[in-house]
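Here is the structure we will look at.
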Amino acid sequence: MAGGGKDEDLGDVYEILGIEEPDPSDKDIQAAYRKGSLKCHPDRNPDDPDAAQKFDRLTRAKDLLLDPIRRAELDRGKKAKKDLEARHAQEDSKRRKLREDLEGREGAANSRSQAAKAAADQQEARRKHLQQDFAARIRAREAQHSGRSQEVAAEVAEARSTALEARVRLTWRTGSSPSIESIRKELATFEVKSMEIGESSAVVQLASREDALGAVLYCRERRHQMPFRVTMASVKTSDSKEPAAPAARRASAIPDPVKVAARPRTPPEDIAGKSAGHAFPTAPSDTAGGADVKASNFVDWEAEMMASIARGAAAAKRG
């Protein structure tokens with residue numbers, strides 16, 4: 001910015017001399033020169049290798065400002081540069097405002113976009129959570145229903161088994177055909193649930209297995225007065241009254257009439273055990289030494305077995 005081609009390398013001569021006043025006098029210029037020479041004169045700064053160059057620039061700046069023509073030219077150039085910078089600054093201010101406005105709008109748009117995205121993400125997360133919760137509830141309900149179905153199936157199977165064990169079969173004696181009323185009268189001691197009447201027999205559903213066993217015992221004791229014979233419903237006999245399957249030996253347990261079949265004329269050797277949760281002693285032997293009880297056929301043997309159970313129960317009660 002120095003005036004003249006040879007001083008263009010100086011740059012801002014006011015800055016070199018350290019002058020900040022806008023329009024310094026020659027006296028101010030001389031004072032600034034003397035002050036600056038104290039800092040950069042080679043004789044005063046022998047350790048500074050750039051002292052001579054600095055002092056030369058200081059001297060040239062002082063000479064330029066003390067020359068009115070060159071100084072006027074310098075001031076005009078400086079003013080023009082300052083005005084240009086001011087215009088640029090004003091333009092930059094407008095540009096900056098436009099940029100800030102644009103950035104503000106973009107920021108607002110981004111904020112709205114981010115808010116919308118956050119809301120969408122939150123809604124999606126809530127949807128997934130509800131979906132997972134619903135699926136978990138369905139699985140829990142299915143597991144509960146499955147478990148309940150198994151329980152119901154087990155209960156139904158148990159009830160069916162209990163019902164089957166609580167049935168007795170009535171077989172008409174020759175020449176008799178009892179009515180429903182007479183059957184109910186004979187079995188009035190027990191809780192009769194239903195009856196299936198046939199031409200020569202009937203199946204009676206009682207309330208429990210205990211009732212069924214009790215009815216068999218009761219009717220066997222009064223068999224000569226009954227117009228029918230009574231057995232557990234699952235015991236199958238032929239017209240000749242022979243058993244349907246070989247006899248089974250079972251130590252320390254009463255053969256369940258629902259499951260037991262015996263060989264003809266060969267009853268179990270040791271009948272003792274439990275019926276309906278009650279223990280009974282072994283049936284007394286008819287001969288010394290505990291010989292096998294002889295029965296003419298399966299029905300008679302079963303009657304004797306039931307009677308022995310009753311006698312054992314009576315003996316246990318007296319004891």
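By order in the structure tokens, chains are A, B, ...; within a chain, residues start at 1; ligands start at 1, following the order shown.
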Using DSSP on the backbone, list every residue of stretch 63-265 of chain A that comes out as strand (DSSP E or B), and give them as an NGL selection string. :A and (167-172 or 192-197 or 201-206 or 228-232 or 237 or 243 or 263)
Save the residues we just selected, N, CA and C atoms, as a PDB file, in the first residue's frame?
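Result written to part.pdb:
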```
ATOM      1  N   ARG A 167     -70.129-100.242  37.725  1.00  0.00           N
ATOM      2  CA  ARG A 167     -71.259-100.898  37.070  1.00  0.00           C
ATOM      3  C   ARG A 167     -71.350-102.363  37.514  1.00  0.00           C
ATOM      4  N   VAL A 168     -72.564-102.845  37.674  1.00  0.00           N
ATOM      5  CA  VAL A 168     -72.806-104.264  37.972  1.00  0.00           C
ATOM      6  C   VAL A 168     -73.732-104.830  36.894  1.00  0.00           C
ATOM      7  N   ARG A 169     -73.573-106.123  36.663  1.00  0.00           N
ATOM      8  CA  ARG A 169     -74.419-106.801  35.669  1.00  0.00           C
ATOM      9  C   ARG A 169     -75.407-107.708  36.402  1.00  0.00           C
ATOM     10  N   LEU A 170     -76.651-107.569  36.079  1.00  0.00           N
ATOM     11  CA  LEU A 170     -77.708-108.416  36.621  1.00  0.00           C
ATOM     12  C   LEU A 170     -78.110-109.422  35.542  1.00  0.00           C
ATOM     13  N   THR A 171     -78.083-110.707  35.898  1.00  0.00           N
ATOM     14  CA  THR A 171     -78.474-111.763  34.953  1.00  0.00           C
ATOM     15  C   THR A 171     -79.719-112.459  35.500  1.00  0.00           C
ATOM     16  N   TRP A 172     -80.773-112.453  34.690  1.00  0.00           N
ATOM     17  CA  TRP A 172     -82.035-113.024  35.177  1.00  0.00           C
ATOM     18  C   TRP A 172     -81.880-114.529  35.433  1.00  0.00           C
ATOM     19  N   VAL A 192     -78.426 -95.691  42.703  1.00  0.00           N
ATOM     20  CA  VAL A 192     -78.505 -96.136  41.312  1.00  0.00           C
ATOM     21  C   VAL A 192     -78.556 -94.910  40.405  1.00  0.00           C
ATOM     22  N   LYS A 193     -77.623 -94.854  39.470  1.00  0.00           N
ATOM     23  CA  LYS A 193     -77.571 -93.730  38.536  1.00  0.00           C
ATOM     24  C   LYS A 193     -78.392 -93.995  37.271  1.00  0.00           C
ATOM     25  N   SER A 194     -78.247 -95.187  36.712  1.00  0.00           N
ATOM     26  CA  SER A 194     -78.965 -95.514  35.485  1.00  0.00           C
ATOM     27  C   SER A 194     -79.010 -97.022  35.312  1.00  0.00           C
ATOM     28  N   MET A 195     -79.863 -97.481  34.393  1.00  0.00           N
ATOM     29  CA  MET A 195     -79.995 -98.909  34.097  1.00  0.00           C
ATOM     30  C   MET A 195     -80.149 -99.102  32.598  1.00  0.00           C
ATOM     31  N   GLU A 196     -79.530-100.172  32.112  1.00  0.00           N
ATOM     32  CA  GLU A 196     -79.705-100.591  30.727  1.00  0.00           C
ATOM     33  C   GLU A 196     -80.317-101.995  30.758  1.00  0.00           C
ATOM     34  N   ILE A 197     -81.574-102.094  30.416  1.00  0.00           N
ATOM     35  CA  ILE A 197     -82.311-103.348  30.532  1.00  0.00           C
ATOM     36  C   ILE A 197     -82.270-104.099  29.207  1.00  0.00           C
ATOM     37  N   SER A 201     -80.676-109.759  30.804  1.00  0.00           N
ATOM     38  CA  SER A 201     -79.752-109.151  31.762  1.00  0.00           C
ATOM     39  C   SER A 201     -79.946-107.645  31.763  1.00  0.00           C
ATOM     40  N   ALA A 202     -79.234-107.014  32.685  1.00  0.00           N
ATOM     41  CA  ALA A 202     -79.256-105.549  32.783  1.00  0.00           C
ATOM     42  C   ALA A 202     -77.913-105.079  33.325  1.00  0.00           C
ATOM     43  N   VAL A 203     -77.543-103.883  32.936  1.00  0.00           N
ATOM     44  CA  VAL A 203     -76.332-103.248  33.466  1.00  0.00           C
ATOM     45  C   VAL A 203     -76.775-102.039  34.271  1.00  0.00           C
ATOM     46  N   VAL A 204     -76.374-102.019  35.533  1.00  0.00           N
ATOM     47  CA  VAL A 204     -76.786-100.947  36.447  1.00  0.00           C
ATOM     48  C   VAL A 204     -75.565-100.090  36.773  1.00  0.00           C
ATOM     49  N   GLN A 205     -75.712 -98.805  36.566  1.00  0.00           N
ATOM     50  CA  GLN A 205     -74.644 -97.853  36.895  1.00  0.00           C
ATOM     51  C   GLN A 205     -74.888 -97.325  38.300  1.00  0.00           C
ATOM     52  N   LEU A 206     -73.925 -97.590  39.196  1.00  0.00           N
ATOM     53  CA  LEU A 206     -74.013 -97.098  40.569  1.00  0.00           C
ATOM     54  C   LEU A 206     -73.124 -95.872  40.741  1.00  0.00           C
ATOM     55  N   PHE A 228     -82.292-112.453  40.296  1.00  0.00           N
ATOM     56  CA  PHE A 228     -81.178-112.294  39.348  1.00  0.00           C
ATOM     57  C   PHE A 228     -79.860-112.525  40.074  1.00  0.00           C
ATOM     58  N   ARG A 229     -78.842-112.853  39.268  1.00  0.00           N
ATOM     59  CA  ARG A 229     -77.487-112.969  39.800  1.00  0.00           C
ATOM     60  C   ARG A 229     -76.758-111.650  39.543  1.00  0.00           C
ATOM     61  N   VAL A 230     -75.801-111.315  40.413  1.00  0.00           N
ATOM     62  CA  VAL A 230     -75.106-110.025  40.315  1.00  0.00           C
ATOM     63  C   VAL A 230     -73.607-110.264  40.215  1.00  0.00           C
ATOM     64  N   THR A 231     -73.000-109.667  39.221  1.00  0.00           N
ATOM     65  CA  THR A 231     -71.536-109.660  39.078  1.00  0.00           C
ATOM     66  C   THR A 231     -71.110-108.252  38.674  1.00  0.00           C
ATOM     67  N   MET A 232     -69.797-108.002  38.794  1.00  0.00           N
ATOM     68  CA  MET A 232     -69.278-106.741  38.265  1.00  0.00           C
ATOM     69  C   MET A 232     -69.474-106.746  36.749  1.00  0.00           C
ATOM     70  N   THR A 237     -69.080-113.825  31.481  1.00  0.00           N
ATOM     71  CA  THR A 237     -69.294-115.261  31.644  1.00  0.00           C
ATOM     72  C   THR A 237     -70.104-115.779  30.475  1.00  0.00           C
ATOM     73  N   PRO A 243     -65.526-119.052  33.296  1.00  0.00           N
ATOM     74  CA  PRO A 243     -64.820-117.771  33.195  1.00  0.00           C
ATOM     75  C   PRO A 243     -64.276-117.550  31.804  1.00  0.00           C
ATOM     76  N   ARG A 263     -59.376-119.768  36.561  1.00  0.00           N
ATOM     77  CA  ARG A 263     -59.528-121.067  35.905  1.00  0.00           C
ATOM     78  C   ARG A 263     -60.686-121.816  36.550  1.00  0.00           C
TER      79      ARG A 263
END
```
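With only C-alpha atoms as the basis for measurement, A:Glu221 is the residue among A:Glu221, A:Thr162, A:Ala143, A:Val152 that approaches A:Ser308 most closely.
The space separating atom CA of A:Val216 from atom CA of A:Ala315 comes to 19.5 Å.
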In Å and to one decimal, atom CA of A:Arg57 is distant from atom CA of A:Ala86 by 28.7 Å
Calculate how many Å separate atom CA of A:Gly312 from atom CA of A:Gln225, rounding to one decimal. 23.4 Å
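The residue that comes closest to A:Asp63, out of A:Val13, A:Lys79, A:Arg222, A:Gly147 and on the basis of only C-alpha atoms, is A:Val13.
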Considering only alpha helix (DSSP H) as DSSP defines it on the backbone, what residues of stretch 16-202 of chain A qualify? List them as an MDAnalysis selection string. chainID A and resid 16:17 26:40 51:66 68:165 180:186
Selection from above, C-alpha atoms, as a tab-separated table (two decimals), in the first residue's frame, can you write it?
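What landed in result_22.tsv:
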```tsv
chain	number	residue	atom	x	y	z
A	16	ILE	CA	5.41	-0.22	10.66
A	17	LEU	CA	5.84	3.05	12.57
A	26	ASP	CA	5.20	15.33	10.89
A	27	LYS	CA	6.17	15.61	14.54
A	28	ASP	CA	4.18	12.52	15.38
A	29	ILE	CA	5.88	10.69	12.53
A	30	GLN	CA	9.37	11.69	13.75
A	31	ALA	CA	8.54	10.65	17.31
A	32	ALA	CA	7.27	7.31	16.14
A	33	TYR	CA	10.41	6.80	14.06
A	34	ARG	CA	12.73	7.52	16.99
A	35	LYS	CA	10.79	5.17	19.20
A	36	GLY	CA	10.88	2.41	16.63
A	37	SER	CA	14.60	2.82	15.94
A	38	LEU	CA	15.36	2.04	19.55
A	39	LYS	CA	13.89	-1.41	18.98
A	40	CYS	CA	15.38	-2.28	15.60
A	51	ALA	CA	17.72	-5.75	12.72
A	52	ALA	CA	19.21	-4.05	9.62
A	53	GLN	CA	16.25	-5.04	7.44
A	54	LYS	CA	13.75	-3.90	10.06
A	55	PHE	CA	15.55	-0.57	10.48
A	56	ASP	CA	15.60	-0.05	6.69
A	57	ARG	CA	11.82	-0.63	6.47
A	58	LEU	CA	11.28	1.76	9.38
A	59	THR	CA	13.33	4.48	7.70
A	60	ARG	CA	11.61	4.11	4.33
A	61	ALA	CA	8.17	4.26	6.02
A	62	LYS	CA	9.17	7.49	7.80
A	63	ASP	CA	10.46	9.06	4.58
A	64	LEU	CA	7.27	8.12	2.72
A	65	LEU	CA	4.98	9.72	5.28
A	66	LEU	CA	7.10	12.89	5.47
A	68	PRO	CA	3.32	15.11	1.19
A	69	ILE	CA	2.74	13.85	-2.36
A	70	ARG	CA	3.54	10.25	-1.66
A	71	ARG	CA	1.62	10.38	1.62
A	72	ALA	CA	-1.48	11.82	-0.12
A	73	GLU	CA	-1.34	9.07	-2.70
A	74	LEU	CA	-0.95	6.52	0.09
A	75	ASP	CA	-3.89	7.91	2.04
A	76	ARG	CA	-6.13	7.87	-1.05
A	77	GLY	CA	-5.31	4.25	-1.70
A	78	LYS	CA	-5.81	3.39	1.94
A	79	LYS	CA	-9.19	5.13	2.00
A	80	ALA	CA	-10.32	3.41	-1.19
A	81	LYS	CA	-9.33	0.07	0.26
A	82	LYS	CA	-11.17	0.82	3.47
A	83	ASP	CA	-14.30	1.85	1.58
A	84	LEU	CA	-14.13	-1.31	-0.47
A	85	GLU	CA	-13.78	-3.41	2.66
A	86	ALA	CA	-16.77	-1.62	4.14
A	87	ARG	CA	-18.86	-2.38	1.06
A	88	HIS	CA	-17.70	-5.95	1.15
A	89	ALA	CA	-18.50	-6.13	4.83
A	90	GLN	CA	-21.98	-4.77	4.15
A	91	GLU	CA	-22.49	-7.26	1.38
A	92	ASP	CA	-21.10	-9.98	3.58
A	93	SER	CA	-23.55	-8.95	6.27
A	94	LYS	CA	-26.46	-9.29	3.85
A	95	ARG	CA	-25.08	-12.53	2.57
A	96	ARG	CA	-24.54	-13.75	6.09
A	97	LYS	CA	-28.11	-12.84	7.00
A	98	LEU	CA	-29.41	-14.68	3.96
A	99	ARG	CA	-27.22	-17.63	4.82
A	100	GLU	CA	-28.37	-17.60	8.42
A	101	ASP	CA	-32.00	-17.38	7.30
A	102	LEU	CA	-31.47	-20.27	4.93
A	103	GLU	CA	-29.69	-22.29	7.59
A	104	GLY	CA	-32.44	-21.46	10.04
A	105	ARG	CA	-35.12	-22.69	7.64
A	106	GLU	CA	-33.10	-25.79	6.89
A	107	GLY	CA	-32.58	-26.35	10.60
A	108	ALA	CA	-36.30	-25.97	11.28
A	109	ALA	CA	-37.08	-28.36	8.44
A	110	ASN	CA	-34.54	-30.82	9.79
A	111	SER	CA	-35.99	-30.46	13.27
A	112	ARG	CA	-39.48	-31.15	11.97
A	113	SER	CA	-38.17	-34.08	9.97
A	114	GLN	CA	-36.33	-35.45	12.99
A	115	ALA	CA	-39.38	-34.93	15.19
A	116	ALA	CA	-41.55	-36.73	12.64
A	117	LYS	CA	-38.99	-39.54	12.40
A	118	ALA	CA	-38.78	-39.78	16.18
A	119	ALA	CA	-42.58	-39.93	16.40
A	120	ALA	CA	-42.67	-42.59	13.68
A	121	ASP	CA	-39.92	-44.59	15.42
A	122	GLN	CA	-41.77	-44.31	18.72
A	123	GLN	CA	-45.00	-45.44	17.10
A	124	GLU	CA	-43.22	-48.35	15.41
A	125	ALA	CA	-41.59	-49.35	18.70
A	126	ARG	CA	-44.97	-49.20	20.43
A	127	ARG	CA	-46.53	-51.28	17.65
A	128	LYS	CA	-43.79	-53.92	17.96
A	129	HIS	CA	-44.17	-53.92	21.75
A	130	LEU	CA	-47.93	-54.38	21.48
A	131	GLN	CA	-47.44	-57.10	18.87
A	132	GLN	CA	-44.94	-58.94	21.06
A	133	ASP	CA	-47.17	-58.54	24.11
A	134	PHE	CA	-50.17	-59.80	22.16
A	135	ALA	CA	-48.19	-62.79	20.87
A	136	ALA	CA	-46.99	-63.55	24.42
A	137	ARG	CA	-50.57	-63.37	25.69
A	138	ILE	CA	-51.72	-65.72	22.93
A	139	ARG	CA	-48.93	-68.19	23.75
A	140	ALA	CA	-49.78	-68.02	27.45
A	141	ARG	CA	-53.48	-68.51	26.70
A	142	GLU	CA	-52.72	-71.44	24.38
A	143	ALA	CA	-50.46	-73.00	27.02
A	144	GLN	CA	-53.18	-72.50	29.62
A	145	HIS	CA	-55.83	-74.00	27.36
A	146	SER	CA	-53.51	-76.88	26.47
A	147	GLY	CA	-52.85	-77.59	30.13
A	148	ARG	CA	-56.54	-77.30	30.93
A	149	SER	CA	-57.40	-79.58	28.00
A	150	GLN	CA	-54.99	-82.18	29.34
A	151	GLU	CA	-56.50	-81.83	32.80
A	152	VAL	CA	-60.02	-82.17	31.40
A	153	ALA	CA	-58.97	-85.20	29.35
A	154	ALA	CA	-57.43	-86.78	32.45
A	155	GLU	CA	-60.54	-85.97	34.48
A	156	VAL	CA	-62.79	-87.40	31.77
A	157	ALA	CA	-60.66	-90.54	31.54
A	158	GLU	CA	-60.69	-90.92	35.32
A	159	ALA	CA	-64.44	-90.32	35.46
A	160	ARG	CA	-65.00	-92.85	32.67
A	161	SER	CA	-62.80	-95.40	34.43
A	162	THR	CA	-64.58	-94.76	37.71
A	163	ALA	CA	-67.95	-95.06	36.02
A	164	LEU	CA	-66.96	-98.36	34.38
A	165	GLU	CA	-65.78	-99.73	37.72
A	180	ILE	CA	-87.19	-101.62	36.72
A	181	GLU	CA	-89.17	-100.95	39.89
A	182	SER	CA	-88.27	-104.32	41.41
A	183	ILE	CA	-84.59	-103.83	40.56
A	184	ARG	CA	-84.61	-100.39	42.16
A	185	LYS	CA	-86.32	-101.86	45.23
A	186	GLU	CA	-83.73	-104.62	45.59
```
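Proximity of A:Arg173, A:Arg209, A:Arg318, A:His224 to A:Phe190, computed with only C-alpha atoms, is greatest for A:Arg209.
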